[in-house]
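Shown next: input.pdb, containing PDB, C-alpha atoms, pLDDT in the B column.
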ATOM      1  CA  MET O   1     -90.743 -18.222  25.860  1.00 80.00           C
ATOM      2  CA  GLU O   2     -88.421 -16.645  28.421  1.00 92.00           C
ATOM      3  CA  ILE O   3     -84.658 -16.902  28.063  1.00 93.00           C
ATOM      4  CA  LYS O   4     -82.392 -16.445  31.072  1.00 94.00           C
ATOM      5  CA  ALA O   5     -78.729 -15.475  30.996  1.00 94.00           C
ATOM      6  CA  THR O   6     -76.089 -14.034  33.282  1.00 91.00           C
ATOM      7  CA  SER O   7     -72.849 -12.197  32.819  1.00 91.00           C
ATOM      8  CA  THR O   8     -70.082 -11.080  35.132  1.00 89.00           C
ATOM      9  CA  TYR O   9     -68.306  -7.838  34.320  1.00 87.00           C
ATOM     10  CA  ASP O  10     -64.758  -9.114  34.694  1.00 89.00           C
ATOM     11  CA  LEU O  11     -61.518  -8.283  32.867  1.00 88.00           C
ATOM     12  CA  LYS O  12     -62.241 -10.886  30.180  1.00 90.00           C
ATOM     13  CA  ALA O  13     -65.664  -9.380  29.409  1.00 89.00           C
ATOM     14  CA  CYS O  14     -64.284  -5.827  29.458  1.00 87.00           C
ATOM     15  CA  THR O  15     -61.488  -6.804  27.073  1.00 86.00           C
ATOM     16  CA  ALA O  16     -63.930  -8.531  24.726  1.00 87.00           C
ATOM     17  CA  LEU O  17     -66.187  -5.460  24.671  1.00 86.00           C
ATOM     18  CA  ILE O  18     -63.339  -3.065  23.869  1.00 84.00           C
ATOM     19  CA  ARG O  19     -61.873  -5.345  21.204  1.00 81.00           C
ATOM     20  CA  SER O  20     -65.293  -5.761  19.640  1.00 81.00           C
ATOM     21  CA  ALA O  21     -65.754  -1.992  19.533  1.00 78.00           C
ATOM     22  CA  LEU O  22     -62.279  -1.369  18.083  1.00 72.00           C
ATOM     23  CA  GLY O  23     -62.370  -4.210  15.583  1.00 69.00           C
ATOM     24  CA  THR O  24     -60.514  -7.473  15.428  1.00 60.00           C
ATOM     25  CA  ARG O  25     -57.405  -6.323  13.577  1.00 61.00           C
ATOM     26  CA  ALA O  26     -55.051  -6.111  16.575  1.00 60.00           C
ATOM     27  CA  PRO O  27     -52.756  -9.002  15.584  1.00 67.00           C
ATOM     28  CA  LEU O  28     -52.589  -7.722  12.002  1.00 70.00           C
ATOM     29  CA  ASN O  29     -51.826  -4.170  13.177  1.00 67.00           C
ATOM     30  CA  ILE O  30     -49.091  -5.357  15.539  1.00 69.00           C
ATOM     31  CA  VAL O  31     -47.435  -7.424  12.800  1.00 73.00           C
ATOM     32  CA  LEU O  32     -47.761  -4.600  10.262  1.00 73.00           C
ATOM     33  CA  PHE O  33     -46.343  -1.916  12.543  1.00 71.00           C
ATOM     34  CA  SER O  34     -43.592  -4.245  13.778  1.00 73.00           C
ATOM     35  CA  LEU O  35     -42.516  -4.939  10.193  1.00 74.00           C
ATOM     36  CA  LEU O  36     -42.623  -1.235   9.353  1.00 73.00           C
ATOM     37  CA  THR O  37     -40.548  -0.453  12.443  1.00 72.00           C
ATOM     38  CA  VAL O  38     -37.921  -3.030  11.426  1.00 72.00           C
ATOM     39  CA  LEU O  39     -38.005  -1.726   7.840  1.00 71.00           C
ATOM     40  CA  SER O  40     -37.494   1.843   9.026  1.00 70.00           C
ATOM     41  CA  LEU O  41     -34.548   0.743  11.194  1.00 68.00           C
ATOM     42  CA  VAL O  42     -32.982  -1.063   8.216  1.00 69.00           C
ATOM     43  CA  CYS O  43     -33.526   2.037   6.076  1.00 68.00           C
ATOM     44  CA  GLY O  44     -31.857   4.120   8.757  1.00 66.00           C
ATOM     45  CA  PHE O  45     -28.748   1.932   8.773  1.00 66.00           C
ATOM     46  CA  VAL O  46     -28.497   1.097   5.076  1.00 68.00           C
ATOM     47  CA  MET O  47     -29.939   4.128   3.330  1.00 66.00           C
ATOM     48  CA  ASP O  48     -30.241   7.826   3.914  1.00 62.00           C
ATOM     49  CA  SER O  49     -31.046   8.669   7.534  1.00 63.00           C
ATOM     50  CA  THR O  50     -33.714  11.233   6.547  1.00 66.00           C
ATOM     51  CA  ILE O  51     -36.046   8.393   5.571  1.00 64.00           C
ATOM     52  CA  TRP O  52     -35.487   6.851   8.983  1.00 63.00           C
ATOM     53  CA  PHE O  53     -36.319  10.093  10.800  1.00 68.00           C
ATOM     54  CA  GLY O  54     -39.630  10.287   8.948  1.00 69.00           C
ATOM     55  CA  LEU O  55     -40.683   6.639   8.931  1.00 70.00           C
ATOM     56  CA  PHE O  56     -39.513   5.379  12.320  1.00 72.00           C
ATOM     57  CA  PRO O  57     -41.513   7.735  14.583  1.00 76.00           C
ATOM     58  CA  ILE O  58     -44.728   7.127  12.624  1.00 74.00           C
ATOM     59  CA  THR O  59     -44.447   3.344  12.713  1.00 73.00           C
ATOM     60  CA  LEU O  60     -43.370   3.312  16.346  1.00 75.00           C
ATOM     61  CA  PHE O  61     -46.366   5.507  17.224  1.00 79.00           C
ATOM     62  CA  GLY O  62     -48.711   3.124  15.355  1.00 75.00           C
ATOM     63  CA  LEU O  63     -47.260   0.099  17.159  1.00 75.00           C
ATOM     64  CA  LEU O  64     -47.542   1.767  20.568  1.00 79.00           C
ATOM     65  CA  MET O  65     -51.128   2.921  19.896  1.00 79.00           C
ATOM     66  CA  THR O  66     -52.156  -0.582  18.864  1.00 77.00           C
ATOM     67  CA  ILE O  67     -50.618  -2.063  22.008  1.00 78.00           C
ATOM     68  CA  PHE O  68     -52.322   0.622  24.095  1.00 84.00           C
ATOM     69  CA  GLN O  69     -55.760   0.004  22.546  1.00 78.00           C
ATOM     70  CA  PHE O  70     -55.711  -3.760  22.816  1.00 77.00           C
ATOM     71  CA  VAL O  71     -53.663  -4.378  25.984  1.00 81.00           C
ATOM     72  CA  ILE O  72     -53.551  -1.338  28.270  1.00 87.00           C
ATOM     73  CA  LEU O  73     -56.985   0.224  27.619  1.00 85.00           C
ATOM     74  CA  PRO O  74     -59.021  -2.848  28.677  1.00 87.00           C
ATOM     75  CA  ARG O  75     -57.102  -3.122  31.956  1.00 88.00           C
ATOM     76  CA  THR O  76     -57.420   0.565  32.856  1.00 89.00           C
ATOM     77  CA  THR O  77     -61.101   0.630  31.867  1.00 86.00           C
ATOM     78  CA  TYR O  78     -61.802  -2.386  34.062  1.00 87.00           C
ATOM     79  CA  GLN O  79     -59.871  -0.929  37.022  1.00 86.00           C
ATOM     80  CA  GLN O  80     -61.851   2.327  36.788  1.00 87.00           C
ATOM     81  CA  GLN O  81     -65.215   0.586  37.179  1.00 81.00           C
ATOM     82  CA  GLY O  82     -65.121   0.779  40.969  1.00 76.00           C
ATOM     83  CA  ASP O  83     -68.018  -1.132  42.529  1.00 75.00           C
ATOM     84  CA  MET O  84     -69.181  -2.532  39.201  1.00 80.00           C
ATOM     85  CA  LYS O  85     -66.052  -4.694  38.867  1.00 80.00           C
ATOM     86  CA  ASP O  86     -67.034  -8.346  38.962  1.00 81.00           C
ATOM     87  CA  ALA O  87     -70.730  -7.466  39.213  1.00 87.00           C
ATOM     88  CA  THR O  88     -73.056 -10.170  37.932  1.00 89.00           C
ATOM     89  CA  THR O  89     -75.985  -9.086  35.796  1.00 92.00           C
ATOM     90  CA  TYR O  90     -79.019 -11.338  35.378  1.00 95.00           C
ATOM     91  CA  PHE O  91     -80.971 -11.109  32.124  1.00 95.00           C
ATOM     92  CA  LEU O  92     -84.491 -12.195  31.302  1.00 95.00           C
ATOM     93  CA  PHE O  93     -85.372 -12.049  27.610  1.00 94.00           C
ATOM     94  CA  THR O  94     -89.108 -12.123  26.950  1.00 93.00           C
ATOM     95  CA  ASP O  95     -90.883 -11.923  23.587  1.00 90.00           C
ATOM     96  CA  ASP O  96     -90.676  -8.139  23.360  1.00 88.00           C
ATOM     97  CA  LEU O  97     -88.193  -6.853  25.955  1.00 91.00           C
ATOM     98  CA  VAL O  98     -85.064  -7.449  28.005  1.00 94.00           C
ATOM     99  CA  GLN O  99     -85.127  -7.191  31.785  1.00 95.00           C
ATOM    100  CA  THR O 100     -81.924  -6.872  33.786  1.00 94.00           C
ATOM    101  CA  TYR O 101     -81.036  -7.059  37.447  1.00 95.00           C
ATOM    102  CA  VAL O 102     -77.639  -6.314  38.989  1.00 92.00           C
ATOM    103  CA  LYS O 103     -76.638  -6.175  42.640  1.00 84.00           C
ATOM    104  CA  THR O 104     -73.327  -5.301  44.261  1.00 83.00           C
ATOM    105  CA  PRO O 105     -72.582  -4.452  47.906  1.00 82.00           C
ATOM    106  CA  THR O 106     -73.227  -0.757  47.155  1.00 84.00           C
ATOM    107  CA  TYR O 107     -75.526  -0.828  44.138  1.00 84.00           C
ATOM    108  CA  GLU O 108     -78.752  -2.478  43.063  1.00 88.00           C
ATOM    109  CA  GLY O 109     -80.461  -1.808  39.770  1.00 91.00           C
ATOM    110  CA  ARG O 110     -83.168  -3.067  37.452  1.00 94.00           C
ATOM    111  CA  SER O 111     -84.019  -2.093  33.919  1.00 93.00           C
ATOM    112  CA  LYS O 112     -86.361  -2.992  31.088  1.00 94.00           C
ATOM    113  CA  MET O 113     -85.722  -2.264  27.458  1.00 93.00           C
ATOM    114  CA  LEU O 114     -87.501  -3.129  24.221  1.00 92.00           C
ATOM    115  CA  TYR O 115     -85.398  -4.936  21.632  1.00 89.00           C
ATOM    116  CA  ALA O 116     -86.074  -2.175  19.106  1.00 87.00           C
ATOM    117  CA  HIS O 117     -84.444   0.412  21.384  1.00 90.00           C
ATOM    118  CA  PHE O 118     -80.980  -1.114  21.120  1.00 91.00           C
ATOM    119  CA  VAL O 119     -78.790   0.934  18.791  1.00 90.00           C
ATOM    120  CA  LYS O 120     -76.563  -1.963  17.791  1.00 90.00           C
ATOM    121  CA  VAL O 121     -75.863  -5.597  18.491  1.00 91.00           C
ATOM    122  CA  ARG O 122     -72.542  -7.392  18.109  1.00 91.00           C
ATOM    123  CA  GLU O 123     -71.779 -11.027  18.686  1.00 91.00           C
ATOM    124  CA  THR O 124     -68.397 -12.639  19.236  1.00 90.00           C
ATOM    125  CA  LYS O 125     -67.475 -16.242  19.898  1.00 90.00           C
ATOM    126  CA  ASP O 126     -68.084 -15.878  23.637  1.00 92.00           C
ATOM    127  CA  TYR O 127     -70.254 -12.786  24.112  1.00 94.00           C
ATOM    128  CA  LEU O 128     -73.289 -10.937  22.857  1.00 93.00           C
ATOM    129  CA  PHE O 129     -73.148  -7.132  23.204  1.00 93.00           C
ATOM    130  CA  LEU O 130     -76.451  -5.248  23.246  1.00 92.00           C
ATOM    131  CA  TYR O 131     -75.680  -1.540  22.917  1.00 92.00           C
ATOM    132  CA  ARG O 132     -78.071   0.817  24.732  1.00 90.00           C
ATOM    133  CA  SER O 133     -76.146   3.747  23.243  1.00 89.00           C
ATOM    134  CA  ASN O 134     -73.018   4.018  21.126  1.00 84.00           C
ATOM    135  CA  HIS O 135     -70.832   3.679  24.226  1.00 82.00           C
ATOM    136  CA  GLN O 136     -72.881   1.540  26.653  1.00 87.00           C
ATOM    137  CA  ALA O 137     -73.629  -2.123  26.221  1.00 90.00           C
ATOM    138  CA  PHE O 138     -75.106  -5.044  28.072  1.00 91.00           C
ATOM    139  CA  ILE O 139     -72.604  -7.907  27.993  1.00 93.00           C
ATOM    140  CA  ILE O 140     -74.174 -11.356  27.793  1.00 93.00           C
ATOM    141  CA  ASP O 141     -71.985 -14.396  28.340  1.00 94.00           C
ATOM    142  CA  LYS O 142     -73.232 -16.875  25.737  1.00 93.00           C
ATOM    143  CA  SER O 143     -72.101 -19.836  27.839  1.00 94.00           C
ATOM    144  CA  SER O 144     -74.790 -18.909  30.391  1.00 94.00           C
ATOM    145  CA  LEU O 145     -77.574 -19.504  27.865  1.00 94.00           C
ATOM    146  CA  ALA O 146     -79.385 -22.823  27.898  1.00 92.00           C
ATOM    147  CA  PRO O 147     -78.870 -25.078  24.865  1.00 89.00           C
ATOM    148  CA  GLY O 148     -81.163 -23.975  22.060  1.00 91.00           C
ATOM    149  CA  ASP O 149     -81.775 -20.482  23.472  1.00 93.00           C
ATOM    150  CA  LEU O 150     -79.144 -18.685  21.396  1.00 93.00           C
ATOM    151  CA  PRO O 151     -80.874 -19.212  18.009  1.00 92.00           C
ATOM    152  CA  VAL O 152     -84.178 -18.024  19.516  1.00 92.00           C
ATOM    153  CA  LEU O 153     -82.510 -14.911  20.936  1.00 92.00           C
ATOM    154  CA  ARG O 154     -80.785 -14.192  17.612  1.00 91.00           C
ATOM    155  CA  ASN O 155     -84.140 -14.416  15.826  1.00 89.00           C
ATOM    156  CA  ARG O 156     -85.711 -11.972  18.299  1.00 90.00           C
ATOM    157  CA  LEU O 157     -82.879  -9.499  17.783  1.00 90.00           C
ATOM    158  CA  ARG O 158     -83.057  -9.825  13.989  1.00 88.00           C
ATOM    159  CA  ALA O 159     -86.833  -9.343  14.071  1.00 87.00           C
ATOM    160  CA  ALA O 160     -86.379  -6.074  16.001  1.00 85.00           C
ATOM    161  CA  ASN O 161     -84.733  -4.519  12.909  1.00 79.00           C
ATOM    162  CA  ILE O 162     -81.834  -3.063  14.883  1.00 80.00           C
ATOM    163  CA  TYR O 163     -79.852  -0.830  12.532  1.00 77.00           C
ATOM    164  CA  ALA O 164     -76.386  -2.293  13.226  1.00 81.00           C
ATOM    165  CA  CYS O 165     -77.032  -5.938  13.978  1.00 81.00           C
ATOM    166  CA  GLN O 166     -73.953  -8.144  13.579  1.00 82.00           C
ATOM    167  CA  LEU O 167     -74.891 -11.660  14.606  1.00 85.00           C
ATOM    168  CA  ARG O 168     -73.103 -14.898  13.854  1.00 83.00           C
ATOM    169  CA  ASN O 169     -74.723 -17.774  11.987  1.00 81.00           C
ATOM    170  CA  ASP O 170     -73.153 -20.732  13.803  1.00 75.00           C
TER
END
Turn the structure described in the file into structure tokens.
Amino acid sequence: MEIKATSTYDLKACTALIRSALGTRAPLNIVLFSLLTVLSLVCGFVMDSTIWFGLFPITLFGLLMTIFQFVILPRTTYQQQGDMKDATTYFLFTDDLVQTYVKTPTYEGRSKMLYAHFVKVRETKDYLFLYRSNHQAFIIDKSSLAPGDLPVLRNRLRAANIYACQLRND
């Protein structure tokens, strides 16, 4: 049985890929570092200022790094993609391999890859990421799959015994 899917490499997909790679703790990190920043400011005003000089820069750095990773990095990564921005990739999943086709005004490419050659698989609510290497992934928009195809695709990926396979069960 062949399964067809498409995905457009837009800002939403790029953001989802980066957040999936970094983990999903962004809101928790922002709240934690914001509270620590406020706490360090209170310590600076109420207590000894040496605590403030040590705690404030560390917490402010953590807050800024979290904002950078989850807000700024996806936008700059997307902007640096050049001709691949908004490129649509077409996927054909057969019993033993994945075939892709992408075409932009300046680029056209095809590829075939066995399921077992993926180094990791991650699934979010909206996307499925098939990693060809630790830093390159096919992005599949799950809404482009026909009803009933997602469980079949999950079973194929699980059967391939991919080392880091994180699939949902819903």
I'd like to see the residues matched by the PyMOL selection byres ((chain O and resi 125-140) around 10) on this file, and ideally I'd get them as an MDAnalysis selection string.
chainID O and resid 5:9 13:14 16:17 20:21 89:91 100 113 115 117:124 141:145 150 154 157 164:168 170
Since we have the selection now, will you write its residues out, keeping C-alpha atoms, as a PDB file, in the coordinates of the input?
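Final file, part10.pdb:
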ATOM      1  CA  ALA O   5     -78.729 -15.475  30.996  1.00 94.00           C
ATOM      2  CA  THR O   6     -76.089 -14.034  33.282  1.00 91.00           C
ATOM      3  CA  SER O   7     -72.849 -12.197  32.819  1.00 91.00           C
ATOM      4  CA  THR O   8     -70.082 -11.080  35.132  1.00 89.00           C
ATOM      5  CA  TYR O   9     -68.306  -7.838  34.320  1.00 87.00           C
ATOM      6  CA  ALA O  13     -65.664  -9.380  29.409  1.00 89.00           C
ATOM      7  CA  CYS O  14     -64.284  -5.827  29.458  1.00 87.00           C
ATOM      8  CA  ALA O  16     -63.930  -8.531  24.726  1.00 87.00           C
ATOM      9  CA  LEU O  17     -66.187  -5.460  24.671  1.00 86.00           C
ATOM     10  CA  SER O  20     -65.293  -5.761  19.640  1.00 81.00           C
ATOM     11  CA  ALA O  21     -65.754  -1.992  19.533  1.00 78.00           C
ATOM     12  CA  THR O  89     -75.985  -9.086  35.796  1.00 92.00           C
ATOM     13  CA  TYR O  90     -79.019 -11.338  35.378  1.00 95.00           C
ATOM     14  CA  PHE O  91     -80.971 -11.109  32.124  1.00 95.00           C
ATOM     15  CA  THR O 100     -81.924  -6.872  33.786  1.00 94.00           C
ATOM     16  CA  MET O 113     -85.722  -2.264  27.458  1.00 93.00           C
ATOM     17  CA  TYR O 115     -85.398  -4.936  21.632  1.00 89.00           C
ATOM     18  CA  HIS O 117     -84.444   0.412  21.384  1.00 90.00           C
ATOM     19  CA  PHE O 118     -80.980  -1.114  21.120  1.00 91.00           C
ATOM     20  CA  VAL O 119     -78.790   0.934  18.791  1.00 90.00           C
ATOM     21  CA  LYS O 120     -76.563  -1.963  17.791  1.00 90.00           C
ATOM     22  CA  VAL O 121     -75.863  -5.597  18.491  1.00 91.00           C
ATOM     23  CA  ARG O 122     -72.542  -7.392  18.109  1.00 91.00           C
ATOM     24  CA  GLU O 123     -71.779 -11.027  18.686  1.00 91.00           C
ATOM     25  CA  THR O 124     -68.397 -12.639  19.236  1.00 90.00           C
ATOM     26  CA  ASP O 141     -71.985 -14.396  28.340  1.00 94.00           C
ATOM     27  CA  LYS O 142     -73.232 -16.875  25.737  1.00 93.00           C
ATOM     28  CA  SER O 143     -72.101 -19.836  27.839  1.00 94.00           C
ATOM     29  CA  SER O 144     -74.790 -18.909  30.391  1.00 94.00           C
ATOM     30  CA  LEU O 145     -77.574 -19.504  27.865  1.00 94.00           C
ATOM     31  CA  LEU O 150     -79.144 -18.685  21.396  1.00 93.00           C
ATOM     32  CA  ARG O 154     -80.785 -14.192  17.612  1.00 91.00           C
ATOM     33  CA  LEU O 157     -82.879  -9.499  17.783  1.00 90.00           C
ATOM     34  CA  ALA O 164     -76.386  -2.293  13.226  1.00 81.00           C
ATOM     35  CA  CYS O 165     -77.032  -5.938  13.978  1.00 81.00           C
ATOM     36  CA  GLN O 166     -73.953  -8.144  13.579  1.00 82.00           C
ATOM     37  CA  LEU O 167     -74.891 -11.660  14.606  1.00 85.00           C
ATOM     38  CA  ARG O 168     -73.103 -14.898  13.854  1.00 83.00           C
ATOM     39  CA  ASP O 170     -73.153 -20.732  13.803  1.00 75.00           C
TER      40      ASP O 170
END
By how many Å are atom CA of O:Gly148 and atom CA of O:Asp96 apart?
18.5 Å
What is the distance, in Å and to one decimal place, between atom CA of O:Leu64 and atom CA of O:Thr76?
15.8 Å
Assuming the chain letters and numbering stay as they are in my file, what does the PyMOL selection byres ((chain O and resi 103-106) around 12) actually select? List them as a ChimeraX atom specification.
/O:8-9,82-90,100-102,107-110
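Note that atom CA of O:Phe70 and atom CA of O:Ser40 are 23.5 Å apart.
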Can you work out which one of O:Gln81, O:Gly62, O:Ile67, O:Leu35 has the shortest atom-to-atom distance to O:Asp10, counting all atoms listed in the file?
O:Gln81
For each of O:Phe61, O:Thr94, O:Thr77, O:Phe68, take the minimum atom-to-atom distance to O:Leu153, counting all atoms listed in the file, then give the residue where this is smallest.
O:Thr94
Applied to this file, what does the PyMOL selection byres ((chain O and resi 59) around 10) return in terms of residues, put as a PyMOL selection string?
chain O and resi 32-40+54-58+60-65
Set the distance at 9 Å and use all atoms listed in the file: which residues neighbour O:Asp95 once local chain neighbours fewer than 4 positions away are removed? I'd like the list as a PDB file with C-alpha atoms, keeping the file's coordinate frame.
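Result written to part-v3.pdb:
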ATOM      1  CA  MET O   1     -90.743 -18.222  25.860  1.00 80.00           C
ATOM      2  CA  GLU O   2     -88.421 -16.645  28.421  1.00 92.00           C
ATOM      3  CA  ARG O 156     -85.711 -11.972  18.299  1.00 90.00           C
TER       4      ARG O 156
END
Kindly reconstruct stretch 95-124 of chain O with N, CA and C atoms and present the result as an mmCIF file, in the frame of the given file.
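Listed below is the output, rebuild.cif:
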data_model
loop_
_atom_site.group_PDB
_atom_site.id
_atom_site.type_symbol
_atom_site.label_atom_id
_atom_site.label_comp_id
_atom_site.auth_asym_id
_atom_site.auth_seq_id
_atom_site.Cartn_x
_atom_site.Cartn_y
_atom_site.Cartn_z
ATOM 1 N N ASP O 95 -90.602 -12.065 25.015
ATOM 2 C CA ASP O 95 -90.883 -11.923 23.587
ATOM 3 C C ASP O 95 -90.618 -10.522 23.058
ATOM 4 N N ASP O 96 -90.803 -9.504 23.891
ATOM 5 C CA ASP O 96 -90.676 -8.139 23.360
ATOM 6 C C ASP O 96 -89.679 -7.254 24.099
ATOM 7 N N LEU O 97 -89.125 -7.714 25.240
ATOM 8 C CA LEU O 97 -88.193 -6.853 25.955
ATOM 9 C C LEU O 97 -87.152 -7.640 26.735
ATOM 10 N N VAL O 98 -86.141 -6.891 27.193
ATOM 11 C CA VAL O 98 -85.064 -7.449 28.005
ATOM 12 C C VAL O 98 -85.167 -6.831 29.391
ATOM 13 N N GLN O 99 -85.139 -7.670 30.409
ATOM 14 C CA GLN O 99 -85.127 -7.191 31.785
ATOM 15 C C GLN O 99 -83.777 -7.556 32.390
ATOM 16 N N THR O 100 -83.209 -6.606 33.147
ATOM 17 C CA THR O 100 -81.924 -6.872 33.786
ATOM 18 C C THR O 100 -82.016 -6.601 35.275
ATOM 19 N N TYR O 101 -81.153 -7.274 36.008
ATOM 20 C CA TYR O 101 -81.036 -7.059 37.447
ATOM 21 C C TYR O 101 -79.569 -7.223 37.811
ATOM 22 N N VAL O 102 -79.024 -6.247 38.521
ATOM 23 C CA VAL O 102 -77.639 -6.314 38.989
ATOM 24 C C VAL O 102 -77.600 -5.867 40.441
ATOM 25 N N LYS O 103 -76.779 -6.553 41.235
ATOM 26 C CA LYS O 103 -76.638 -6.175 42.640
ATOM 27 C C LYS O 103 -75.185 -6.347 43.054
ATOM 28 N N THR O 104 -74.659 -5.281 43.664
ATOM 29 C CA THR O 104 -73.327 -5.301 44.261
ATOM 30 C C THR O 104 -73.496 -4.878 45.719
ATOM 31 N N PRO O 105 -72.436 -4.896 46.515
ATOM 32 C CA PRO O 105 -72.582 -4.452 47.906
ATOM 33 C C PRO O 105 -73.071 -3.002 48.046
ATOM 34 N N THR O 106 -72.826 -2.168 47.043
ATOM 35 C CA THR O 106 -73.227 -0.757 47.155
ATOM 36 C C THR O 106 -74.225 -0.314 46.100
ATOM 37 N N TYR O 107 -74.652 -1.228 45.234
ATOM 38 C CA TYR O 107 -75.526 -0.828 44.138
ATOM 39 C C TYR O 107 -76.524 -1.937 43.840
ATOM 40 N N GLU O 108 -77.738 -1.534 43.519
ATOM 41 C CA GLU O 108 -78.752 -2.478 43.063
ATOM 42 C C GLU O 108 -79.565 -1.787 41.981
ATOM 43 N N GLY O 109 -79.727 -2.441 40.857
ATOM 44 C CA GLY O 109 -80.461 -1.808 39.770
ATOM 45 C C GLY O 109 -81.235 -2.792 38.928
ATOM 46 N N ARG O 110 -82.317 -2.291 38.357
ATOM 47 C CA ARG O 110 -83.168 -3.067 37.452
ATOM 48 C C ARG O 110 -83.446 -2.200 36.234
ATOM 49 N N SER O 111 -83.640 -2.844 35.114
ATOM 50 C CA SER O 111 -84.019 -2.093 33.919
ATOM 51 C C SER O 111 -84.839 -2.981 32.993
ATOM 52 N N LYS O 112 -85.597 -2.325 32.137
ATOM 53 C CA LYS O 112 -86.361 -2.992 31.088
ATOM 54 C C LYS O 112 -86.122 -2.208 29.812
ATOM 55 N N MET O 113 -85.969 -2.933 28.722
ATOM 56 C CA MET O 113 -85.722 -2.264 27.458
ATOM 57 C C MET O 113 -86.285 -3.103 26.319
ATOM 58 N N LEU O 114 -86.998 -2.449 25.406
ATOM 59 C CA LEU O 114 -87.501 -3.129 24.221
ATOM 60 C C LEU O 114 -86.341 -3.460 23.294
ATOM 61 N N TYR O 115 -86.453 -4.555 22.575
ATOM 62 C CA TYR O 115 -85.398 -4.936 21.632
ATOM 63 C C TYR O 115 -85.152 -3.834 20.603
ATOM 64 N N ALA O 116 -86.189 -3.199 20.150
ATOM 65 C CA ALA O 116 -86.074 -2.175 19.106
ATOM 66 C C ALA O 116 -85.316 -0.938 19.572
ATOM 67 N N HIS O 117 -85.138 -0.768 20.873
ATOM 68 C CA HIS O 117 -84.444 0.412 21.384
ATOM 69 C C HIS O 117 -82.930 0.256 21.444
ATOM 70 N N PHE O 118 -82.430 -0.938 21.175
ATOM 71 C CA PHE O 118 -80.980 -1.114 21.120
ATOM 72 C C PHE O 118 -80.464 -0.463 19.848
ATOM 73 N N VAL O 119 -79.327 0.241 19.965
ATOM 74 C CA VAL O 119 -78.790 0.934 18.791
ATOM 75 C C VAL O 119 -77.912 0.032 17.944
ATOM 76 N N LYS O 120 -77.318 -0.981 18.563
ATOM 77 C CA LYS O 120 -76.563 -1.963 17.791
ATOM 78 C C LYS O 120 -76.367 -3.227 18.602
ATOM 79 N N VAL O 121 -76.098 -4.294 17.884
ATOM 80 C CA VAL O 121 -75.863 -5.597 18.491
ATOM 81 C C VAL O 121 -74.638 -6.195 17.824
ATOM 82 N N ARG O 122 -73.725 -6.702 18.636
ATOM 83 C CA ARG O 122 -72.542 -7.392 18.109
ATOM 84 C C ARG O 122 -72.404 -8.722 18.836
ATOM 85 N N GLU O 123 -71.976 -9.706 18.096
ATOM 86 C CA GLU O 123 -71.779 -11.027 18.686
ATOM 87 C C GLU O 123 -70.367 -11.498 18.378
ATOM 88 N N THR O 124 -69.699 -12.009 19.407
ATOM 89 C CA THR O 124 -68.397 -12.639 19.236
ATOM 90 C C THR O 124 -68.542 -14.115 19.574
#
